[in-house]
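**Student:** Input model-v8.cif, format and content: mmCIF, C-alpha atoms and all ligand atoms.
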```cif
data_coords
loop_
_atom_site.label_atom_id
_atom_site.label_comp_id
_atom_site.auth_asym_id
_atom_site.auth_seq_id
_atom_site.Cartn_x
_atom_site.Cartn_y
_atom_site.Cartn_z
CA MET R 1 73.20 119.47 97.10
CA LYS R 2 76.47 117.74 96.34
CA GLU R 3 77.38 120.54 93.92
CA ASP R 4 77.70 122.86 96.90
CA LEU R 5 80.97 121.14 97.64
CA VAL R 6 82.56 122.80 94.65
CA LEU R 7 83.55 126.27 95.69
CA PRO R 8 82.32 129.02 93.37
CA ALA R 9 85.89 130.20 92.69
CA ALA R 10 86.88 126.71 91.64
CA ARG R 11 83.85 126.41 89.37
CA GLU R 12 84.73 129.66 87.61
CA ALA R 13 88.34 128.70 87.23
CA ALA R 14 87.30 125.39 85.69
CA ALA R 15 86.18 127.18 82.55
CA ASP R 16 89.65 127.91 81.20
CA THR R 17 92.07 125.93 83.37
CA PRO R 18 92.64 122.17 83.47
CA PRO R 19 90.13 120.37 85.69
CA GLU R 20 90.71 120.69 89.37
CA PRO R 21 92.14 117.50 90.86
CA LEU R 22 89.74 115.29 92.75
CA LEU R 23 92.25 114.75 95.51
CA GLU R 24 95.32 116.75 96.32
CA VAL R 25 97.69 115.76 99.10
CA SER R 26 100.44 118.15 100.05
CA GLY R 27 103.25 117.70 102.59
CA LEU R 28 101.26 114.99 104.37
CA VAL R 29 102.83 113.83 107.64
CA LYS R 30 101.82 111.17 110.15
CA HIS R 31 104.02 110.52 113.17
CA PHE R 32 102.87 107.95 115.72
CA PRO R 33 104.23 108.76 119.18
CA VAL R 34 106.39 106.11 120.86
CA LYS R 35 105.84 105.99 124.61
CA GLY R 36 108.44 104.92 127.11
CA GLY R 37 109.86 105.60 130.58
CA PHE R 38 108.93 104.56 134.08
CA PRO R 39 106.97 105.25 136.25
CA ILE R 40 105.51 108.00 134.07
CA LYS R 41 105.17 107.16 130.40
CA ARG R 42 106.40 109.95 128.18
CA THR R 43 106.69 110.34 124.45
CA VAL R 44 110.24 109.27 123.69
CA GLY R 45 110.14 109.28 119.91
CA ALA R 46 107.93 108.93 116.88
CA VAL R 47 107.29 106.42 114.13
CA GLN R 48 107.63 108.58 111.04
CA ALA R 49 105.11 106.52 109.09
CA VAL R 50 104.40 109.21 106.48
CA ASP R 51 106.81 112.08 106.20
CA GLY R 52 106.02 114.78 103.67
CA LEU R 53 103.95 113.21 100.91
CA ASP R 54 102.59 115.00 97.84
CA LEU R 55 100.20 113.36 95.40
CA THR R 56 97.33 114.26 93.11
CA VAL R 57 94.52 112.05 91.86
CA HIS R 58 92.24 113.25 89.06
CA ALA R 59 88.61 112.24 88.57
CA GLY R 60 88.28 108.76 87.10
CA GLU R 61 92.03 108.12 87.22
CA SER R 62 93.78 105.16 88.79
CA PHE R 63 96.84 106.13 90.80
CA GLY R 64 99.10 103.34 92.04
CA LEU R 65 101.03 103.63 95.32
CA VAL R 66 103.75 101.03 95.69
CA GLY R 67 106.36 100.15 98.29
CA GLU R 68 107.63 97.45 100.63
CA SER R 69 105.75 96.50 103.77
CA GLY R 70 106.01 99.16 106.48
CA CYS R 71 106.75 102.11 104.19
CA GLY R 72 103.54 103.92 105.12
CA LYS R 73 101.05 102.95 102.40
CA SER R 74 98.15 101.95 104.65
CA THR R 75 98.73 104.98 106.85
CA THR R 76 98.50 107.16 103.73
CA GLY R 77 95.23 105.46 102.73
CA ARG R 78 93.80 105.90 106.22
CA LEU R 79 94.80 109.55 106.31
CA ILE R 80 93.12 110.23 102.97
CA THR R 81 89.92 108.47 104.03
CA ARG R 82 90.32 110.36 107.31
CA LEU R 83 90.28 107.28 109.50
CA LEU R 84 93.44 108.87 110.90
CA GLU R 85 94.21 112.47 111.82
CA PRO R 86 97.28 113.86 110.03
CA THR R 87 100.20 115.28 112.03
CA GLY R 88 100.86 117.81 109.28
CA GLY R 89 100.19 118.74 105.68
CA THR R 90 96.93 119.13 103.81
CA ILE R 91 94.39 116.86 102.15
CA THR R 92 92.17 118.67 99.67
CA TYR R 93 89.16 116.88 98.24
CA ARG R 94 87.26 118.64 95.43
CA GLY R 95 88.73 121.97 96.43
CA ARG R 96 87.90 121.54 100.08
CA ASP R 97 90.50 121.21 102.84
CA ILE R 98 89.48 118.09 104.78
CA SER R 99 92.80 117.64 106.64
CA HIS R 100 91.27 118.26 110.03
CA ALA R 101 87.57 118.16 109.20
CA THR R 102 85.38 116.88 112.02
CA ARG R 103 83.03 113.94 111.68
CA LYS R 104 80.18 116.35 111.09
CA GLN R 105 82.06 118.37 108.49
CA LEU R 106 83.01 115.15 106.71
CA ALA R 107 79.46 113.80 106.61
CA PRO R 108 78.51 115.23 103.19
CA ILE R 109 81.57 113.71 101.50
CA ARG R 110 81.84 110.51 103.54
CA SER R 111 79.92 108.62 100.88
CA GLU R 112 82.19 109.87 98.08
CA ILE R 113 85.40 108.39 99.44
CA GLN R 114 85.33 104.66 100.13
CA MET R 115 87.93 102.13 101.13
CA ILE R 116 88.50 98.49 100.16
CA PHE R 117 90.63 96.64 102.66
CA GLN R 118 93.33 94.02 102.26
CA ASP R 119 91.76 91.27 104.30
CA PRO R 120 88.38 90.11 102.99
CA TYR R 121 87.98 87.91 106.07
CA SER R 122 88.21 90.51 108.82
CA SER R 123 86.66 93.41 106.93
CA LEU R 124 83.18 91.84 106.66
CA ASN R 125 80.99 91.38 109.73
CA PRO R 126 80.52 87.58 110.03
CA ARG R 127 77.13 87.96 111.71
CA GLN R 128 75.55 90.02 108.95
CA THR R 129 74.08 88.75 105.71
CA VAL R 130 75.56 89.96 102.46
CA GLY R 131 72.42 92.02 101.91
CA LYS R 132 72.84 93.72 105.26
CA ILE R 133 76.57 94.33 104.72
CA ILE R 134 76.04 96.01 101.36
CA SER R 135 72.93 97.97 102.32
CA GLY R 136 74.43 99.11 105.65
CA PRO R 137 76.23 102.15 104.23
CA MET R 138 73.05 103.18 102.38
CA GLU R 139 71.09 102.97 105.60
CA ILE R 140 73.63 104.96 107.60
CA ASN R 141 73.68 107.67 104.95
CA GLY R 142 69.91 107.70 104.53
CA ILE R 143 70.09 106.74 100.87
CA ASP R 144 66.93 105.26 99.39
CA PRO R 145 67.53 104.18 95.83
CA GLU R 146 64.67 103.87 93.39
CA GLY R 147 63.02 100.49 93.77
CA GLY R 148 64.39 100.09 97.29
CA ARG R 149 67.68 99.07 98.86
CA GLU R 150 67.25 95.35 98.29
CA LYS R 151 66.87 95.84 94.57
CA ARG R 152 70.00 98.00 94.53
CA VAL R 153 71.94 95.39 96.50
CA ARG R 154 70.94 92.72 93.98
CA GLU R 155 72.11 94.98 91.16
CA LEU R 156 75.41 95.57 92.93
CA LEU R 157 75.89 91.82 93.45
CA GLU R 158 75.43 91.37 89.75
CA ILE R 159 77.89 94.16 88.91
CA VAL R 160 80.60 92.50 91.00
CA GLY R 161 79.93 89.09 89.49
CA LEU R 162 78.04 87.44 92.35
CA ASN R 163 74.69 85.71 92.28
CA PRO R 164 71.96 88.20 93.34
CA GLU R 165 70.11 85.25 94.88
CA HIS R 166 72.85 85.00 97.51
CA TYR R 167 71.50 88.10 99.20
CA ASN R 168 70.74 86.25 102.44
CA ARG R 169 73.97 84.31 102.77
CA PHE R 170 76.70 84.99 105.31
CA PRO R 171 80.36 85.85 104.57
CA HIS R 172 81.64 82.41 105.66
CA GLU R 173 79.70 80.84 102.79
CA PHE R 174 81.94 82.62 100.28
CA SER R 175 85.53 82.13 99.11
CA GLY R 176 88.20 84.82 99.63
CA GLY R 177 87.78 86.19 96.11
CA GLN R 178 83.99 86.30 96.49
CA ARG R 179 84.31 88.05 99.83
CA GLN R 180 86.49 90.69 98.24
CA ARG R 181 83.75 91.12 95.62
CA ILE R 182 81.30 91.74 98.47
CA GLY R 183 83.73 94.38 99.78
CA VAL R 184 83.72 96.00 96.33
CA ALA R 185 79.90 95.96 96.20
CA ARG R 186 79.78 97.59 99.62
CA ALA R 187 82.20 100.30 98.49
CA LEU R 188 80.08 100.90 95.37
CA ALA R 189 76.80 101.16 97.27
CA LEU R 190 77.24 104.88 97.87
CA GLU R 191 78.36 105.71 94.33
CA PRO R 192 81.77 106.96 95.40
CA LYS R 193 84.03 109.22 93.37
CA LEU R 194 87.22 107.88 94.94
CA ILE R 195 88.07 104.41 96.20
CA VAL R 196 91.18 103.80 98.25
CA ALA R 197 91.98 100.12 97.68
CA ASP R 198 94.60 98.98 100.19
CA GLU R 199 96.31 95.89 98.76
CA PRO R 200 92.91 94.52 97.73
CA VAL R 201 94.29 91.31 96.25
CA SER R 202 97.36 90.58 98.40
CA ALA R 203 95.47 88.19 100.66
CA LEU R 204 93.99 86.23 97.76
CA ASP R 205 95.27 83.16 95.92
CA VAL R 206 97.36 84.14 92.93
CA SER R 207 94.84 82.45 90.64
CA ILE R 208 92.05 84.69 91.97
CA GLN R 209 94.02 87.95 92.04
CA ALA R 210 93.68 88.67 88.32
CA GLN R 211 89.90 88.20 88.44
CA VAL R 212 89.50 90.73 91.23
CA VAL R 213 91.90 93.17 89.57
CA ASN R 214 89.84 92.85 86.38
CA LEU R 215 86.68 93.60 88.30
CA LEU R 216 88.22 96.70 89.86
CA GLN R 217 89.46 97.81 86.48
CA LYS R 218 85.96 97.39 85.05
CA VAL R 219 84.52 99.41 87.91
CA GLN R 220 87.11 102.15 87.44
CA LYS R 221 86.54 102.43 83.70
CA GLU R 222 82.80 101.86 83.42
CA LEU R 223 81.71 103.81 86.46
CA GLY R 224 84.44 106.45 86.14
CA ILE R 225 85.56 106.04 89.75
CA ALA R 226 89.02 107.27 90.69
CA PHE R 227 91.26 104.78 92.51
CA LEU R 228 94.18 105.09 94.83
CA PHE R 229 95.44 101.55 94.37
CA ILE R 230 97.92 100.47 97.03
CA ALA R 231 100.22 97.50 96.33
CA HIS R 232 103.50 96.14 97.63
CA ASP R 233 104.91 95.30 94.22
CA LEU R 234 104.85 96.89 90.82
CA ALA R 235 103.34 93.89 89.03
CA VAL R 236 99.74 94.47 90.11
CA VAL R 237 99.54 98.20 89.45
CA ARG R 238 101.18 97.83 86.06
CA HIS R 239 97.88 96.66 84.60
CA PHE R 240 95.74 98.96 86.61
CA SER R 241 97.19 102.41 87.14
CA GLN R 242 97.83 105.22 84.69
CA ARG R 243 100.18 106.85 87.15
CA VAL R 244 102.40 105.22 89.73
CA ALA R 245 104.25 106.48 92.79
CA VAL R 246 106.94 104.49 94.57
CA MET R 247 107.24 104.96 98.33
CA TYR R 248 110.16 104.26 100.63
CA LEU R 249 110.13 104.89 104.39
CA GLY R 250 107.32 107.42 104.43
CA LYS R 251 108.28 109.34 101.30
CA ILE R 252 107.60 109.18 97.59
CA ILE R 253 110.93 108.60 95.86
CA GLU R 254 109.68 108.39 92.28
CA VAL R 255 106.40 109.15 90.53
CA GLY R 256 105.27 109.32 86.93
CA ASP R 257 103.14 107.95 84.12
CA ARG R 258 103.00 104.19 84.05
CA ASP R 259 105.10 103.81 80.89
CA SER R 260 107.68 106.28 82.11
CA ILE R 261 108.06 104.44 85.43
CA TYR R 262 108.20 100.96 83.90
CA THR R 263 110.42 101.68 80.92
CA ARG R 264 112.56 104.59 82.13
CA PRO R 265 112.87 104.29 85.93
CA ARG R 266 115.59 106.54 87.37
CA HIS R 267 115.62 105.80 91.08
CA PRO R 268 117.77 102.86 92.19
CA TYR R 269 114.95 101.63 94.41
CA THR R 270 112.47 101.57 91.52
CA HIS R 271 115.07 99.60 89.54
CA ALA R 272 115.34 97.12 92.37
CA LEU R 273 111.56 96.75 92.64
CA LEU R 274 111.21 96.34 88.89
CA SER R 275 113.90 93.72 88.74
CA ALA R 276 111.83 91.72 91.21
CA VAL R 277 108.76 91.86 88.97
CA PRO R 278 108.47 88.39 87.47
CA GLU R 279 106.61 89.05 84.24
CA VAL R 280 108.06 91.87 82.23
CA THR R 281 107.19 92.57 78.65
CA LEU R 282 110.21 94.07 77.01
CA THR R 283 109.90 96.43 74.13
CA GLU R 284 112.12 96.19 71.09
CA GLY R 285 115.75 97.15 71.57
CA GLU R 286 115.84 96.32 75.24
CA ALA R 287 117.99 93.64 76.77
CA PRO R 288 116.22 90.31 76.43
CA ARG R 289 116.39 89.52 80.11
CA ARG R 290 116.41 91.69 83.13
CA GLU R 291 119.06 91.09 85.72
CA ARG R 292 117.75 90.71 89.18
CA ILE R 293 118.82 93.22 91.77
CA ARG R 294 118.38 91.94 95.25
CA LEU R 295 118.16 94.47 98.00
CA ALA R 296 120.59 93.75 100.78
CA GLY R 297 119.48 94.24 104.36
CA ASP R 298 116.19 95.26 105.88
CA VAL R 299 114.17 98.43 105.68
CA PRO R 300 115.53 100.70 108.46
CA SER R 301 113.26 101.62 111.36
CA PRO R 302 110.92 104.55 110.66
CA ILE R 303 111.61 105.69 114.24
CA SER R 304 115.13 106.76 113.28
CA PRO R 305 115.31 106.86 109.48
CA PRO R 306 118.74 107.40 107.87
CA SER R 307 119.87 111.00 107.39
CA GLY R 308 119.89 112.48 103.91
CA CYS R 309 118.49 109.93 101.47
CA ARG R 310 116.52 107.31 103.37
CA PHE R 311 117.42 104.62 100.86
CA ARG R 312 121.17 105.10 101.28
CA THR R 313 121.73 102.20 103.70
CA ARG R 314 120.63 99.80 100.94
CA CYS R 315 121.72 101.71 97.87
CA TRP R 316 124.61 100.46 95.76
CA LYS R 317 125.25 103.96 94.42
CA ALA R 318 125.35 105.82 97.74
CA GLN R 319 128.08 108.42 98.20
CA ASP R 320 128.92 110.87 101.02
CA ARG R 321 126.47 113.44 99.74
CA CYS R 322 123.60 110.97 100.13
CA ALA R 323 124.09 110.96 103.92
CA THR R 324 124.06 114.73 104.35
CA GLU R 325 121.69 116.05 101.73
CA GLU R 326 118.17 114.84 101.22
CA PRO R 327 117.52 114.51 97.47
CA PRO R 328 114.49 116.57 96.37
CA LEU R 329 111.72 114.97 94.27
CA VAL R 330 112.34 116.70 90.93
CA ARG R 331 112.11 116.22 87.20
CA LEU R 332 115.45 115.04 85.86
CA ALA R 333 116.88 116.02 82.50
CA GLY R 334 115.54 113.64 79.86
CA ASN R 335 112.48 112.69 81.87
CA ARG R 336 108.95 113.36 80.74
CA ASP R 337 106.70 115.90 82.36
CA GLY R 338 105.31 114.67 85.61
CA HIS R 339 108.02 112.03 86.07
CA LEU R 340 109.80 113.04 89.27
CA THR R 341 112.72 111.33 90.99
CA ALA R 342 114.44 111.90 94.34
CA CYS R 343 118.06 110.83 93.84
CA HIS R 344 121.46 112.58 93.64
CA PHE R 345 122.93 109.92 91.35
CA PRO R 346 120.04 108.57 89.28
CA GLU R 347 120.22 105.56 87.02
CA GLU R 348 120.29 105.81 83.26
CA PRO R 349 116.76 105.81 81.85
CA THR R 350 116.71 102.13 80.95
CA THR R 351 115.35 99.01 82.54
CA GLY R 352 118.47 96.88 82.29
CA ALA R 353 120.52 96.66 85.46
CA ARG R 354 124.26 96.95 85.01
CA ALA R 355 126.37 94.14 86.43
CA GLU R 356 128.14 96.44 88.88
CA ASP R 357 124.78 97.59 90.26
CA ILE R 358 123.72 94.16 91.32
CA VAL R 359 124.06 93.72 95.02
CA LEU R 360 123.36 90.30 96.30
CA ASP R 361 121.98 89.79 99.70
CA PRO R 362 124.76 87.88 101.53
CA ALA R 363 122.33 85.16 102.63
CA LEU R 364 121.04 84.65 99.11
CA THR R 365 124.56 84.59 97.67
CA ALA R 366 125.48 81.84 100.10
CA LEU R 367 122.37 79.91 99.19
CA GLU R 368 123.06 80.18 95.48
CA GLU R 369 126.66 79.06 95.94
CA GLU R 370 125.45 76.10 97.96
CA GLN R 371 123.08 75.15 95.19
CA GLY R 372 125.89 75.53 92.69
CA GLY R 373 124.11 78.34 90.87
N1 LIG K 1 98.65 102.97 114.89
C1 LIG K 1 99.97 102.90 114.79
N2 LIG K 1 100.78 103.16 115.84
C2 LIG K 1 102.11 103.11 115.76
N3 LIG K 1 102.78 102.81 114.62
C3 LIG K 1 102.05 102.53 113.52
C4 LIG K 1 100.61 102.56 113.54
N4 LIG K 1 100.16 102.22 112.29
C5 LIG K 1 101.26 102.01 111.54
N5 LIG K 1 102.39 102.19 112.28
C6 LIG K 1 103.77 102.07 111.78
O1 LIG K 1 103.92 102.96 110.71
C7 LIG K 1 104.75 102.38 109.70
C8 LIG K 1 103.99 102.34 108.40
O2 LIG K 1 102.95 101.39 108.49
P1 LIG K 1 101.89 101.12 107.34
O3 LIG K 1 101.32 102.41 106.91
O4 LIG K 1 100.96 100.08 107.81
O5 LIG K 1 102.83 100.56 106.17
P2 LIG K 1 102.46 99.66 104.90
O6 LIG K 1 100.99 99.70 104.70
O7 LIG K 1 103.23 100.28 103.79
O8 LIG K 1 102.95 98.27 105.20
C9 LIG K 1 105.16 101.01 110.22
O9 LIG K 1 106.42 101.13 110.83
C10 LIG K 1 104.09 100.70 111.24
O10 LIG K 1 104.59 99.84 112.23
S1 LIG K 2 120.39 109.75 96.63
FE1 LIG K 2 122.18 108.46 96.87
S2 LIG K 2 121.58 106.85 98.32
FE2 LIG K 2 119.72 107.86 97.59
S3 LIG K 2 119.03 106.58 95.93
FE3 LIG K 2 120.27 108.21 95.04
S4 LIG K 2 122.34 107.38 94.93
FE4 LIG K 2 121.16 106.04 96.30
MG MG K 3 99.59 98.13 104.55
#
```
What does this structure look like when you write it as structure tokens?
Ligand SMILES: Nc1ncnc2c1ncn2[C@@H]1O[C@H](COP(=O)(O)OP(=O)(O)O)[C@@H](O)[C@H]1O
Ligand code: SF4
Ligand SMILES: [Mg+2]
**Tutor:**
Amino acid sequence: MKEDLVLPAAREAAADTPPEPLLEVSGLVKHFPVKGGFPIKRTVGAVQAVDGLDLTVHAGESFGLVGESGCGKSTTGRLITRLLEPTGGTITYRGRDISHATRKQLAPIRSEIQMIFQDPYSSLNPRQTVGKIISGPMEINGIDPEGGREKRVRELLEIVGLNPEHYNRFPHEFSGGQRQRIGVARALALEPKLIVADEPVSALDVSIQAQVVNLLQKVQKELGIAFLFIAHDLAVVRHFSQRVAVMYLGKIIEVGDRDSIYTRPRHPYTHALLSAVPEVTLTEGEAPRRERIRLAGDVPSPISPPSGCRFRTRCWKAQDRCATEEPPLVRLAGNRDGHLTACHFPEEPTTGARAEDIVLDPALTALEEEQGG
């Protein structure tokens, strides 16, 4: 029944071409209208939350999506899981255009794409037992596993490292990390092919984060589930994702294989993000210590993003051209296949920041001077 989702043409093509991507996003746009005016409210503008995004996730792969708060990561996740309707562009899942699919059309694939949310406190119904929370999706989708749902729930609890005997407990009886494990078990209940994990560890204590990341990694590898792993810094996805995309104000500004992004970043923004990553293992021949680049100023409003390159108001390399011409996301000379960068004046492919590139936030400079550092 599920095989029907693969179009015959795609199945034939699969014989001699590389496997079709699980998920393909092309030119994805989401603009939220801004209302204003009196007495009649009219649309006076739009929050350009996601503005022309391309990405591809293959079966079983972990794809990391990284960027500062407000750059459009959650919106992207909600568009892909179709909790939101896109303004433009296409979302193709297993060869099928689901960009504007109705609830009914989505029903057969609903179970295959699951989401894990950032906040393990608000994402679980406090009045339901753990058993009910995890078996809920099975019930809704009419799935009756062998041996019954309760048995399956107990198995899932075990997979995520919880005591199967805690079947009848309520969310408040668990810690944050345990609650996130319940969220993982719920996502696994329908045997998904793709999990969109939206900052799944950001709300947890640092000491717990690694445990949950390890669990997700185990799930990804052992069950062969593809992940779109959303994070606000590069540290978390470094250990998790084979490919990484960096977002800024609704656009991907750099994407590539993990090693390529971490050892040969070309976009100034990626450099800045990497310089903020606390633990960095340097390979031989690299500078022993990374200089810290601090980004001056705030992220501009997505209602009126800067012309040309959106990063230009915070970029230490910006020139006139950056204001008039939007840099395309392309492969630069010297970069590996699949490593794309959107910048007119890219950095050298190294991880060391040059002294002249370091822009200190005025407030931080003052603070450091005060402290005599
Ligand atoms: N439902 C909504 N209505 C209006 N604006 C929204 C809505 N959801 C998100 N936004 C705006 O879209 C931008 C991107 O938000 P979001 O996708 O949550 O970013 P991130 O997850 O990267 O922090 C932000 O400016 C946010 O305020
Ligand atoms: S295009 Fe210009 S402003 Fe944008 S990142 Fe490159 S140098 Fe900076
Ligand atoms: Mg978010």
**Student:** Give me, please, the distance in Å between atom O7 of ligand LIG 1 (chain K) and atom CA of Ser241 of chain R, quoted to one decimal.
**Tutor:**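 One can read the atom O7 of ligand LIG 1 (chain K) to atom CA of Ser241 of chain R distance as 17.8 Å.
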**Student:** Neighbours of ligand MG 3 (chain K) at 9 Å or closer, counting all atoms listed in the file: which residues, as a short mmCIF file (atom, residue, chain, number, x, y, z; two decimals) with C-alpha atoms, keeping the file's coordinate frame?
**Tutor:**
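Generated file (selection_14.cif):
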```cif
data_model
loop_
_atom_site.label_atom_id
_atom_site.label_comp_id
_atom_site.auth_asym_id
_atom_site.auth_seq_id
_atom_site.Cartn_x
_atom_site.Cartn_y
_atom_site.Cartn_z
CA GLU R 68 107.63 97.45 100.63
CA SER R 69 105.75 96.50 103.77
CA GLY R 70 106.01 99.16 106.48
CA CYS R 71 106.75 102.11 104.19
CA GLY R 72 103.54 103.92 105.12
CA LYS R 73 101.05 102.95 102.40
CA SER R 74 98.15 101.95 104.65
CA THR R 75 98.73 104.98 106.85
CA GLY R 77 95.23 105.46 102.73
CA GLN R 118 93.33 94.02 102.26
CA ASP R 198 94.60 98.98 100.19
CA GLU R 199 96.31 95.89 98.76
CA ILE R 230 97.92 100.47 97.03
CA ALA R 231 100.22 97.50 96.33
CA HIS R 232 103.50 96.14 97.63
#
```
**Student:** Go through the chains and note each residue within 7 Å of ligand LIG 2 (chain K), using all atoms listed in the file, then give the set as number ranges by chain.
**Tutor:** R: 267-269, 309-312, 315-319, 322, 327, 342-346
**Student:** Go through R:Glu61, R:Asp144, R:Asp233, R:Glu20 one by one, measure the shortest atom-to-atom distance of each to ligand LIG 1 (chain K) using all atoms listed in the file, and give the residue with the smallest value.
**Tutor:**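 Using all atoms listed in the file, the shortest distance to ligand LIG 1 (chain K) belongs to R:Asp233.
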**Student:** Using all atoms listed in the file, which residue out of R:Ile261, R:Ile208, R:Ile225, R:Val66 lies closest to ligand LIG 1 (chain K)?
**Tutor:**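 With all atoms listed in the file as the atom set, the closest residue is R:Val66.
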**Student:** Just give me the gap between atom CA of Pro126 of chain R and atom CA of Arg154 of chain R in Å, one decimal is fine.
**Tutor:**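 For atom CA of Pro126 of chain R relative to atom CA of Arg154 of chain R, the distance reads 19.4 Å.
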**Student:** Name the closest residue to Ala245 of chain R among the candidates R:Glu155, R:Arg314, R:Gly36, R:Leu329; distances are taken between atoms, counting all atoms listed in the file.
**Tutor:** R:Leu329
**Student:** Could you jot down the atom C4 of ligand LIG 1 (chain K) to atom CA of Arg103 of chain R separation for me, Å, one decimal place?
**Tutor:** 21.0 Å
